[in-house]
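The next block is data.txt, given as compact mmCIF, C-alpha atoms.
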# COMPACT_ATOMS: atom_id res chain seq x y z
CA MET L 1 0.00 0.00 0.00
CA THR L 2 2.74 2.39 1.03
CA ILE L 3 4.80 1.60 -2.01
CA ARG L 4 1.78 2.02 -4.28
CA LEU L 5 1.08 5.47 -2.87
CA LEU L 6 4.72 6.31 -3.10
CA MET L 7 4.98 5.29 -6.72
CA PRO L 8 4.52 8.77 -8.20
CA ALA L 9 7.43 10.09 -6.21
CA LEU L 10 9.52 7.03 -6.96
CA VAL L 11 8.71 7.02 -10.64
CA PHE L 12 9.76 10.63 -11.00
CA PHE L 13 13.20 9.53 -10.01
CA ALA L 14 13.33 6.65 -12.45
CA LEU L 15 15.91 8.40 -14.53
CA GLY L 16 18.68 5.90 -14.60
CA ALA L 17 19.03 4.67 -18.16
CA GLY L 18 19.75 8.02 -19.75
CA ILE L 19 22.01 9.49 -17.09
CA PRO L 20 25.46 7.98 -16.94
CA ALA L 21 26.37 9.92 -13.80
CA TYR L 22 23.35 8.93 -11.80
CA ALA L 23 22.32 5.57 -13.20
CA ALA L 24 19.96 4.35 -10.53
CA THR L 25 16.53 2.96 -9.99
CA ALA L 26 13.68 5.14 -8.83
CA GLU L 27 13.91 3.69 -5.36
CA GLU L 28 17.66 4.25 -5.14
CA ASN L 29 17.23 7.86 -6.17
CA TYR L 30 14.44 8.37 -3.65
CA ARG L 31 16.38 6.80 -0.81
CA PHE L 32 19.51 8.78 -1.67
CA HIS L 33 18.06 12.22 -2.38
CA CYS L 34 14.69 12.43 -0.67
CA ALA L 35 14.73 10.12 2.34
CA GLN L 36 16.87 12.41 4.46
CA CYS L 37 13.87 14.73 4.78
CA HIS L 38 10.89 12.66 3.65
CA GLY L 39 11.95 9.39 5.31
CA LEU L 40 12.77 6.05 3.77
CA GLU L 41 9.06 5.26 3.54
CA GLY L 42 8.15 8.74 2.34
CA LYS L 43 6.07 9.62 5.38
CA GLY L 44 7.68 13.02 5.87
CA ASN L 45 9.56 11.90 8.94
CA GLY L 46 13.16 11.83 7.69
CA ILE L 47 16.10 12.52 9.96
CA ASN L 48 16.15 16.19 8.97
CA ALA L 49 12.51 16.72 9.84
CA THR L 50 13.45 18.63 12.97
CA ARG L 51 11.48 21.37 14.64
CA GLU L 52 13.95 23.91 13.27
CA MET L 53 13.05 23.03 9.69
CA PRO L 54 11.00 25.96 8.33
CA VAL L 55 8.43 23.65 6.75
CA SER L 56 7.59 20.03 7.41
CA PRO L 57 8.55 17.64 4.62
CA ARG L 58 5.49 16.44 2.73
CA ASP L 59 4.09 13.00 3.46
CA HIS L 60 4.40 11.34 0.06
CA THR L 61 2.30 8.40 1.22
CA SER L 62 -0.72 10.56 1.95
CA ALA L 63 -3.28 10.41 -0.82
CA LEU L 64 -4.79 13.60 0.59
CA GLU L 65 -1.49 15.46 0.48
CA MET L 66 -0.48 14.13 -2.91
CA GLY L 67 -3.95 14.82 -4.24
CA LYS L 68 -3.40 18.52 -3.69
CA LEU L 69 -0.62 18.53 -6.25
CA THR L 70 -0.94 18.80 -9.98
CA ASP L 71 1.53 17.05 -12.27
CA ALA L 72 3.23 20.37 -12.81
CA ASP L 73 3.53 20.90 -9.06
CA ILE L 74 5.26 17.56 -8.61
CA ILE L 75 7.61 18.07 -11.53
CA ASN L 76 8.38 21.53 -10.26
CA ALA L 77 9.06 20.15 -6.79
CA ILE L 78 11.64 17.79 -8.23
CA THR L 79 13.27 20.11 -10.70
CA ASP L 80 13.01 23.39 -8.83
CA GLY L 81 12.20 22.49 -5.26
CA GLY L 82 8.54 23.35 -5.21
CA ARG L 83 6.59 26.45 -4.30
CA ARG L 84 7.72 27.07 -0.75
CA GLN L 85 11.01 28.84 -0.16
CA ALA L 86 12.37 26.31 2.32
CA SER L 87 11.68 23.34 0.12
CA ARG L 88 12.95 25.21 -2.90
CA ALA L 89 16.28 25.40 -1.14
CA SER L 90 16.51 21.84 0.05
CA CYS L 91 14.84 19.91 -2.77
CA ARG L 92 16.32 21.72 -5.72
CA ARG L 93 19.21 19.33 -6.19
CA THR L 94 17.60 17.87 -9.23
CA GLU L 95 17.53 20.99 -11.35
CA ASN L 96 21.14 20.59 -12.40
CA THR L 97 21.43 16.86 -12.08
CA PHE L 98 18.34 15.94 -13.98
CA LYS L 99 17.57 18.98 -16.09
CA ASN L 100 18.02 17.10 -19.34
CA GLU L 101 15.52 14.52 -18.22
CA ILE L 102 12.54 16.76 -17.63
CA PRO L 103 10.64 15.58 -20.74
CA ARG L 104 11.16 12.05 -19.63
CA ILE L 105 10.04 12.86 -16.08
CA GLU L 106 6.88 14.38 -17.49
CA GLY L 107 6.23 11.27 -19.52
CA LEU L 108 6.85 8.99 -16.59
CA SER L 109 4.81 11.04 -14.18
CA GLU L 110 1.84 11.20 -16.51
CA GLU L 111 2.08 7.48 -17.07
CA ALA L 112 2.25 6.81 -13.36
CA LEU L 113 -0.68 9.03 -12.61
CA GLN L 114 -2.75 7.39 -15.35
CA LEU L 115 -1.91 4.01 -13.92
CA GLN L 116 -3.24 5.18 -10.58
CA GLY L 117 -6.40 6.56 -12.12
CA ARG L 118 -5.66 10.20 -11.38
CA MET N 1 84.10 39.07 13.84
CA ARG N 2 83.46 37.24 10.58
CA ARG N 3 84.13 33.93 12.35
CA ALA N 4 81.61 34.83 15.03
CA VAL N 5 78.97 35.49 12.37
CA TYR N 6 79.66 32.11 10.76
CA LEU N 7 79.48 30.36 14.12
CA SER N 8 76.22 32.04 15.04
CA ALA N 9 74.69 30.94 11.74
CA ILE N 10 75.33 27.26 12.42
CA PRO N 11 72.42 26.72 14.84
CA VAL N 12 70.08 28.57 12.49
CA LEU N 13 71.12 26.42 9.54
CA ALA N 14 70.87 23.28 11.64
CA ALA N 15 67.37 24.21 12.74
CA ALA N 16 66.33 24.95 9.16
CA ILE N 17 67.67 21.60 7.96
CA PHE N 18 65.97 19.82 10.89
CA ILE N 19 62.62 21.47 10.24
CA SER N 20 62.83 20.85 6.52
CA THR N 21 63.85 17.21 6.92
CA GLY N 22 61.30 16.70 9.65
CA ALA N 23 58.45 18.01 7.50
CA HIS N 24 59.30 15.65 4.62
CA ALA N 25 59.81 12.73 6.99
CA GLY N 26 56.41 13.47 8.54
CA VAL N 27 54.67 13.20 5.19
CA ALA N 28 56.47 10.01 4.21
CA GLU N 29 56.04 8.45 7.64
CA GLY N 30 52.43 9.53 7.72
CA LYS N 31 51.79 7.83 4.40
CA LYS N 32 53.37 4.66 5.74
CA ALA N 33 51.27 4.81 8.91
CA PHE N 34 48.13 5.52 6.88
CA GLU N 35 48.81 2.47 4.75
CA ALA N 36 49.84 0.26 7.66
CA ARG N 37 46.62 1.07 9.49
CA LYS N 38 44.65 0.40 6.31
CA CYS N 39 42.98 3.80 6.52
CA ALA N 40 42.56 3.72 2.74
CA SER N 41 40.04 0.91 3.10
CA CYS N 42 37.61 3.64 4.20
CA HIS N 43 39.17 6.85 2.86
CA GLN N 44 40.09 7.57 -0.77
CA VAL N 45 43.43 9.38 -0.90
CA ALA N 46 44.06 9.42 -4.66
CA GLY N 47 42.05 11.83 -6.78
CA PRO N 48 40.14 12.57 -8.83
CA ALA N 49 36.69 11.60 -7.58
CA ALA N 50 35.95 8.10 -8.78
CA GLU N 51 32.28 7.67 -7.91
CA LYS N 52 29.89 7.82 -10.83
CA THR N 53 26.71 6.30 -9.46
CA ILE N 54 24.76 6.23 -6.24
CA LYS N 55 25.94 2.65 -5.78
CA ASP N 56 29.55 3.87 -6.02
CA GLN N 57 28.92 6.46 -3.35
CA LEU N 58 27.09 4.05 -1.08
CA SER N 59 29.92 1.56 -1.34
CA LYS N 60 32.27 4.05 0.30
CA LYS N 61 32.84 3.61 4.02
CA GLY N 62 34.14 7.06 4.84
CA PRO N 63 34.74 10.52 3.44
CA GLU N 64 37.33 10.94 0.74
CA LEU N 65 40.55 12.60 1.83
CA TRP N 66 42.30 13.15 -1.49
CA TYR N 67 41.85 16.92 -1.16
CA SER N 68 42.15 17.13 2.62
CA GLY N 69 45.12 19.51 2.49
CA SER N 70 42.94 21.99 0.63
CA LYS N 71 39.87 21.37 2.73
CA PHE N 72 41.09 21.47 6.29
CA LYS N 73 42.75 24.19 8.27
CA ALA N 74 46.30 23.63 9.44
CA GLY N 75 46.34 21.97 12.82
CA PHE N 76 42.79 20.65 12.66
CA LEU N 77 43.59 17.08 11.62
CA GLU N 78 46.25 16.60 14.25
CA LYS N 79 43.90 17.91 16.92
CA TRP N 80 41.01 15.78 15.69
CA ARG N 81 43.16 12.67 15.45
CA ALA N 82 43.88 12.95 19.15
CA ASP N 83 40.17 13.16 19.99
CA PRO N 84 38.18 11.93 17.00
CA ARG N 85 34.70 13.05 17.95
CA PRO N 86 32.12 12.56 15.19
CA ILE N 87 31.73 15.42 12.73
CA ARG N 88 28.80 13.73 11.07
CA PRO N 89 25.78 13.14 13.32
CA LEU N 90 24.87 10.11 11.20
CA ALA N 91 26.92 7.13 10.13
CA TYR N 92 28.50 7.71 6.74
CA ASN N 93 26.00 7.25 3.90
CA SER N 94 23.17 6.52 6.32
CA VAL N 95 20.01 8.57 6.75
CA THR N 96 18.88 6.71 9.86
CA GLU N 97 21.82 5.33 11.80
CA ARG N 98 23.52 7.57 14.34
CA ASN N 99 27.28 7.99 14.20
CA THR N 100 28.48 6.38 17.39
CA GLY N 101 32.09 7.42 16.85
CA GLY N 102 34.78 4.88 17.42
CA HIS N 103 37.14 6.23 14.77
CA PRO N 104 40.64 4.89 15.48
CA MET N 105 42.64 7.29 17.60
CA LEU N 106 46.26 8.16 16.91
CA SER N 107 48.78 9.63 19.25
CA GLY N 108 52.26 11.04 19.41
CA GLN N 109 54.43 11.22 16.34
CA GLU N 110 52.12 8.99 14.31
CA LYS N 111 49.30 11.47 14.76
CA ALA N 112 51.50 14.31 13.56
CA ASP N 113 52.85 12.29 10.65
CA VAL N 114 49.43 11.20 9.39
CA ALA N 115 48.17 14.77 9.70
CA ALA N 116 51.20 16.01 7.73
CA TYR N 117 50.57 13.40 5.06
CA LEU N 118 46.89 14.27 4.74
CA MET N 119 47.64 17.97 4.65
CA SER N 120 50.01 17.29 1.74
CA LEU N 121 47.06 16.06 -0.35
CA LYS N 122 45.91 19.11 -2.27
CA SER N 123 43.52 19.80 -5.09
CA ALA N 124 44.48 22.23 -7.83
CA ASP N 125 40.78 23.06 -8.09
CA VAL N 126 40.90 24.87 -4.76
CA LYS N 127 42.35 28.21 -5.74
CA PRO N 128 43.98 30.33 -3.05
CA LEU N 129 41.46 33.14 -3.28
CA GLY N 130 42.03 34.27 0.25
CA ILE N 131 38.36 34.22 1.23
CA GLN N 132 38.37 35.32 4.84
CA ALA N 133 36.09 33.67 7.35
CA ALA N 134 33.53 36.28 8.38
CA ASP N 135 30.00 36.45 9.72
CA ASN N 136 28.68 38.57 6.86
CA PRO N 137 25.02 39.50 6.18
CA LYS N 138 25.00 38.15 2.62
CA GLY N 139 26.38 34.79 3.73
CA ARG N 140 24.11 34.56 6.77
CA ILE N 141 21.00 35.31 4.74
CA ALA N 142 22.02 32.70 2.16
CA PHE N 143 22.76 30.10 4.84
CA VAL N 144 19.74 30.69 7.03
CA ARG N 145 16.96 32.11 4.92
CA LYS N 146 17.52 31.59 1.22
CA HIS N 147 18.95 28.10 1.16
CA SER N 148 18.18 26.75 4.63
CA CYS N 149 21.58 25.04 4.86
CA TYR N 150 20.90 24.34 8.52
CA GLY N 151 18.11 22.02 7.41
CA CYS N 152 20.82 19.40 6.85
CA HIS N 153 23.83 20.81 8.73
CA GLN N 154 23.90 21.38 12.47
CA VAL N 155 25.06 24.77 13.67
CA ARG N 156 25.49 26.27 17.10
CA THR N 157 23.10 29.06 17.99
CA ARG N 158 23.16 30.69 21.40
CA GLY N 159 25.08 27.75 22.78
CA SER N 160 22.76 25.05 21.45
CA LEU N 161 23.13 22.78 18.46
CA VAL N 162 20.25 23.14 16.03
CA GLY N 163 19.52 21.91 12.54
CA GLY N 164 19.34 18.73 10.51
CA PHE N 165 21.47 15.65 10.72
CA SER N 166 22.17 14.29 7.26
CA GLY N 167 25.15 16.53 6.48
CA PRO N 168 28.38 17.02 8.38
CA SER N 169 27.97 19.36 11.33
CA LEU N 170 29.11 22.90 10.66
CA ALA N 171 29.41 23.78 14.32
CA GLU N 172 33.06 24.68 14.82
CA ALA N 173 33.58 24.84 11.06
CA SER N 174 35.77 27.85 11.77
CA GLU N 175 38.34 25.48 13.24
CA ARG N 176 38.02 22.94 10.49
CA LEU N 177 37.27 24.31 7.05
CA ASN N 178 39.22 26.48 4.66
CA PRO N 179 36.76 29.01 3.18
CA ASP N 180 38.48 28.74 -0.21
CA TRP N 181 37.64 25.03 -0.19
CA VAL N 182 34.03 25.72 0.79
CA TYR N 183 33.77 28.04 -2.21
CA ALA N 184 35.40 25.48 -4.51
CA TYR N 185 33.12 22.73 -3.21
CA LEU N 186 30.05 24.86 -3.85
CA SER N 187 31.17 26.13 -7.24
CA LYS N 188 32.61 22.87 -8.63
CA PRO N 189 30.67 20.09 -6.95
CA SER N 190 31.39 17.54 -9.66
CA VAL N 191 35.12 17.80 -8.96
CA PHE N 192 34.86 16.97 -5.29
CA LYS N 193 31.63 15.06 -4.91
CA PRO N 194 29.97 14.12 -8.19
CA VAL N 195 27.35 11.98 -6.46
CA LYS N 196 26.05 13.50 -3.27
CA MET N 197 22.95 14.04 -1.21
CA MET N 198 23.52 17.78 -1.00
CA PRO N 199 21.83 19.99 -3.58
CA VAL N 200 23.95 21.45 -6.36
CA TYR N 201 24.11 25.22 -6.05
CA ALA N 202 26.43 25.97 -8.96
CA GLY N 203 24.44 28.00 -11.44
CA ILE N 204 21.84 28.86 -8.80
CA ILE N 205 23.85 30.96 -6.38
CA ASN N 206 25.82 33.76 -7.99
CA ASP N 207 29.54 34.06 -7.42
CA ALA N 208 29.41 36.90 -4.90
CA GLU N 209 26.77 35.13 -2.84
CA MET N 210 28.75 31.89 -2.97
CA LYS N 211 31.86 33.63 -1.68
CA GLY N 212 29.81 35.26 1.07
CA LEU N 213 28.39 31.87 1.98
CA ALA N 214 31.87 30.32 2.05
CA ALA N 215 33.08 33.10 4.32
CA TYR N 216 30.07 32.65 6.59
CA VAL N 217 30.48 28.87 6.83
CA GLY N 218 34.15 29.39 7.59
CA SER N 219 33.18 31.63 10.51
CA LEU N 220 30.78 29.23 12.25
CA ARG N 221 31.76 28.41 15.82
Would you give me this structure, written as structure tokens?
Amino acid sequence: MTIRLLMPALVFFALGAGIPAYAATAEENYRFHCAQCHGLEGKGNGINATREMPVSPRDHTSALEMGKLTDADIINAITDGGRRQASRASCRRTENTFKNEIPRIEGLSEEALQLQGR
Amino acid sequence: MRRAVYLSAIPVLAAAIFISTGAHAGVAEGKKAFEARKCASCHQVAGPAAEKTIKDQLSKKGPELWYSGSKFKAGFLEKWRADPRPIRPLAYNSVTERNTGGHPMLSGQEKADVAAYLMSLKSADVKPLGIQAADNPKGRIAFVRKHSCYGCHQVRTRGSLVGGFSGPSLAEASERLNPDWVYAYLSKPSVFKPVKMMPVYAGIINDAEMKGLAAYVGSLR
């Protein structure tokens, strides 16, 4: 159940084949880049989710939370860190690393969302 | 008179030769000690960065040291080697497991030799720009407000440690880090750490802000 809800986030990181420097599965990318704030299970309870953090990391397993986001919001969160200043700063790692893969991310995200009936 | 001048120069020359020989011996002996203790099984000491994938990074057991002479301030390594308290709150490469310490401790001449060896490992990509450690408004705003660096790096504020845990602590960075290296690390991340958890800021932070940030990080106590 958790993994199914987490699939959109995981799929967005399924960038391996075309990126020599970061060849990795979606799960590897998620665990490496996102888990420090969002937690290994994506519940928003990563090790950096301290009270000093300006905003709480989003719970990627929450259908309610994820339902608030459009495809563009999610892609933006990955490539530019999202709408909020604090997450813009801490999530934006992907803009440089994955910038050439944005069309592919869009394709994958749309596919994932269709699979989930969104 | 001339003879007296010659005689007085002998101790000075002897001291110079001793210091010079001692420094070289320290590096060579430190390399031997480093190898004998198998430190390289955890720490990469030959550049350039070799990791290309997340798997490569996760297979590493400890931070790379091939640019440690450019990264650390003189005296830091020797001091740390005598009391190796964790710099990283978490175990290397982990996002859950606490760093319980237990790094091998060195003492005496071996400590000095290994420190001399590690400080001899330099990167040409760290230019001697002379960035001075300073608590400057531009750097502080970048660190605290614009990029929330403390979200991953602990800092000391009013005597207390605050901040996230996934990155190395920056409390007492003023004793540890060369601001020129901080700038190089931020501006050329692929040289030092091509696969890393930290966001890439090159191309996002402008040069002046990056230098201000490096100066600020270098001032943290």
- chain N residues near chain L (6 Å cut-off, all atoms listed in the file) as a ChimeraX atom specification: /N:52-53,95,147,151,163-165,197,199-200
- Message: as a ChimeraX atom specification, please: the residues near region 30-42 of chain N (cut-off 7 Å, all atoms listed in the file, same-chain neighbours under 4 positions excluded).
- Response: /N:26,60-62,110,113-114,116-117
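Relative to CA of Lys188 (chain N), CA of Ala202 (chain N) is found at 6.9 Å.
Between CA of Ala82 (chain N) and CA of Arg221 (chain N) there is a distance of 19.9 Å.
Across the model, the gap from CA of Tyr201 (chain N) to CA of Leu118 (chain N) is 27.5 Å.
Contact shell of region 203-217 of chain N at 8 Å (all atoms listed in the file; same-chain neighbours under 2 positions omitted): N:Ile131, N:Gln132, N:Ala133, N:Ala134, N:Asp135, N:Asn136, N:Lys138, N:Gly139, N:Arg140, N:Ala142, N:Phe143, N:Leu170, N:Ala173, N:Ser174, N:Pro179, N:Asp180, N:Val182, N:Tyr183, N:Leu186, N:Ser187, N:Tyr201, N:Ser219, N:Leu220.
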